[in-house]
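Undergrad: Please find one structure pasted underneath; my questions will follow.
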Amino acid sequence: MPRKSNTAIKAYKKKDGKTYYMFKVYLGLDPLTGKPQYTTRRGFRSLKEAEIALARIQVEIAKGTFQKRTYETYRELYEAWIEVYKNTVEESTLNKTLKYFEHHILPAIGDYRIEQLNVDVCQKFVNQLHEKLAKARTIKAYASKVLDYAVKRDLIPSNPFKLVEMPKKRAHKSTIKKVERNFYTKDELNKLLTVMKEETNRKAYVAIHILAFTGMRKGELLALTWEDIDFDKKEMTINKAIARGLENTMYEKSTKTGVSRTISLDDETINLLQEWQIDLKNSLGRRFKKKKQLVLPNEDNSYLQTTKTRKWLNYVIDKYELPPLTTHGLRHTHTSMLIEAGANMKQVQMRLGHSDIKTTMDIYTHLTAHAEKETVNLFADFLKS
């Protein structure tokens with residue numbers, strides 16, 4: 001039976017300058033080692049809160065129902081969870097996850113003790129996220145994963161995030177923003193490629209042409225090697241991608257869906273690639289690799305930075321006053337023109353490498369919504385002319 005303890009509650013200050021309270025409770029002797037056991041609680045925001053927690057623990061000790069916890073705070077629980085999680089995902093996903101916790105989750109709830117994280121605390125956290133961030137739902141899901149980990153290990157009976165409601169913002173007419181069109185028409189794409197071809201940056205033109213004519217993802221383009229291109233069959237195999245990992249390092253991984261695909265290439269793209277291969281061999285000389293040579297390497301014959309295509313696009317768009325477009329917008333442009341040319345949804349899905357045809361349908365719906373608005377404008381302009 002543990003001896004009666006005159007446990008003292010102590011005040012201390014954190015780096016934020018605020019005063020918190022803590023205590024250390026004697027639990028008795030370890031039956032295996034014979035050494036004294038203690039449990040420490042800290043992070044109480046008031047003396048009264050600490051006194052209540054201490055009294056509760058002392059009652060549990062007296063009844064013999066107290067169980068020493070391994071993790072006291074959400075942060076400590078997160079550190080245990082991330083060690084398991086990091087072995088289940090790609091490095092690029094881990095990098096994104098770490099940033100969610102570092103910038104949004106841990107600063108808000110990291111110092112909360114596990115028993116403090118009730119539905120009200122979690123709801124308040126989600127409400128604040130929703131006010132500031134477009135990805136509030138995603139970040140809430142990651143925060144919830146840590147408490148799922150606690151439930152599976154019988155550290156808490158249930159996950160309060162499961163009872164949290166995602167708030168919905170009421171949109172007023174004055175605050176509704178038009179969704180920007182992130183794809184080009186046929187004429188706009190031809191204009192873009194024409195001016196890029198006239199520029200001195202041949203590599204930039206080759207990159208943008210390939211993206212527009214294949215619909216491949218940017219990461220897939222940056223990982224493309226010459227052995228992936230069959231000039232005789234006029235085909236390209238897309239089986240890998242480049243991603244940004246920990247400490248901003250570039251590394252090769254599988255495609256987004258984990259499945260490779262082989263697509264057909266048109267004569268213009270084949271001719272461009274053949275010409276570019278000759279140019280690249282001449283510029284690299286002995287550095288040109290026979291098997292694993294990248295189609296679009298940087299000056300050191302390694303992976304291009306993922307921001308390069310955006311910089312190339314922005315330069316030409318600004319110079320020639322073209323409509324705004326992102327690198328991913330070239331993929332949407334390819335999708336739009338495939339559908340306009342008569343390709344069915346299944347053909348588009350296979351070419352773009354979507355694992356679910358619903359993704360293809362969602363993009364199609366988005367593109368046709370813009371087309372419908374442009375049709376109305378054409379009608380209105382015609383009446384005024």
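Lettering and numbering for the structure tokens are positional, with chains as A, B, ... in the shown order, residues counted from 1 in each chain, and ligands counted from 1 in the shown order.
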Select from stretch 34-105 of chain A everything DSSP, run on the backbone, classes as alpha helix (DSSP H), then give the selection as a ChimeraX atom specification.

TA: /A:47-63,74-85,91-100

Undergrad: Could you list, as a tab-separated table (two decimals) with C-alpha atoms, in the first residue's frame, every residue within 12 Å of A:Asn344, counting only C-alpha atoms and ignoring same-chain residues fewer than 5 positions away?

TA:
chain	number	residue	atom	x	y	z
A	335	THR	CA	-7.81	16.92	-70.72
A	336	SER	CA	-10.03	19.62	-72.21
A	337	MET	CA	-8.70	19.09	-75.72
A	338	LEU	CA	-8.97	15.30	-75.51
A	339	ILE	CA	-12.65	15.63	-74.64
A	349	GLN	CA	-8.73	8.30	-67.50
A	350	MET	CA	-6.17	5.81	-68.86
A	351	ARG	CA	-4.06	8.51	-70.54
A	357	ILE	CA	-12.82	7.61	-63.20
A	360	THR	CA	-11.70	12.37	-64.52
A	361	MET	CA	-15.40	13.20	-64.35
A	364	TYR	CA	-14.57	17.34	-66.92

Undergrad: Kindly provide the residues of stretch 86-167 of chain A that approach stretch 229-248 of chain A to within 6 Å, each paired with its closest atom pair and their distance in Å to one decimal, based on only C-alpha atoms, listed by chain and increasing number, as a tab-separated table.

TA:
residue	atom	partner	partner_atom	distance
A:Glu91	CA	A:Gly245	CA	5.2
A:Ser92	CA	A:Gly245	CA	4.6
A:Asn95	CA	A:Leu246	CA	5.4

Undergrad: Please save C-alpha atoms of the selected residues as a PDB file, in the first residue's frame.

TA:
ATOM      1  CA  GLU A  91       8.796  10.504 -47.940  1.00  0.00           C
ATOM      2  CA  SER A  92       6.974  13.340 -49.715  1.00  0.00           C
ATOM      3  CA  ASN A  95       7.326  15.800 -45.321  1.00  0.00           C
TER       4      ASN A  95
END

Undergrad: Would you return as a ChimeraX atom specification the members of stretch 184-381 of chain A that DSSP assigns to strand (DSSP E) on this structure's backbone?

TA: /A:229-230,235-238,241-244,250-253,261-264

Undergrad: Based on the selection just made, write C-alpha atoms of those residues as a PDB file, in the first residue's frame.

TA:
ATOM      1  CA  ILE A 229      10.552   6.535 -74.739  1.00  0.00           C
ATOM      2  CA  ASP A 230      10.156   4.058 -77.602  1.00  0.00           C
ATOM      3  CA  GLU A 235       5.176   5.430 -77.085  1.00  0.00           C
ATOM      4  CA  MET A 236       6.127   6.767 -73.679  1.00  0.00           C
ATOM      5  CA  THR A 237       6.037   4.720 -70.464  1.00  0.00           C
ATOM      6  CA  ILE A 238       5.302   6.724 -67.316  1.00  0.00           C
ATOM      7  CA  ALA A 241       7.958  10.590 -60.496  1.00  0.00           C
ATOM      8  CA  ILE A 242      10.092  13.084 -58.615  1.00  0.00           C
ATOM      9  CA  ALA A 243       9.000  14.373 -55.219  1.00  0.00           C
ATOM     10  CA  ARG A 244      10.366  16.720 -52.584  1.00  0.00           C
ATOM     11  CA  MET A 250      14.613  15.504 -54.403  1.00  0.00           C
ATOM     12  CA  TYR A 251      14.011  11.781 -54.736  1.00  0.00           C
ATOM     13  CA  GLU A 252      12.437   9.312 -57.143  1.00  0.00           C
ATOM     14  CA  LYS A 253       9.230   7.494 -56.264  1.00  0.00           C
ATOM     15  CA  ARG A 261       1.027   3.548 -67.895  1.00  0.00           C
ATOM     16  CA  THR A 262       2.099   3.645 -71.516  1.00  0.00           C
ATOM     17  CA  ILE A 263       0.730   6.370 -73.787  1.00  0.00           C
ATOM     18  CA  SER A 264       1.013   7.046 -77.502  1.00  0.00           C
TER      19      SER A 264
END

Undergrad: Neighbours of stretch 126-129 of chain A within 8 Å (only C-alpha atoms; same-chain residues fewer than 3 positions away dropped), as a PyMOL selection string?

TA: chain A and resi 122-123+132-133+136+140+164+166-167

Undergrad: Just give me the gap between atom CA of A:Gln37 and atom CA of A:Asp148 in Å, one decimal is fine.

TA: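 Between these atoms lies a distance of 28.6 Å.
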
Undergrad: List the neighbours of A:Val146 out to 7 Å using only C-alpha atoms; skip same-chain residues closer than 3 positions along the sequence, and give me the result as number ranges by chain.

TA: A: 77-78, 81, 143, 149-150

Undergrad: Please provide as a VMD selection string all residues within 12 Å of A:Pro323, with the sequence filter that same-chain residues fewer than 3 positions apart are discarded (counting only C-alpha atoms).

TA: chain A and resid 180 to 185 187 to 189 191 to 192 313 to 314 316 to 320 326 329
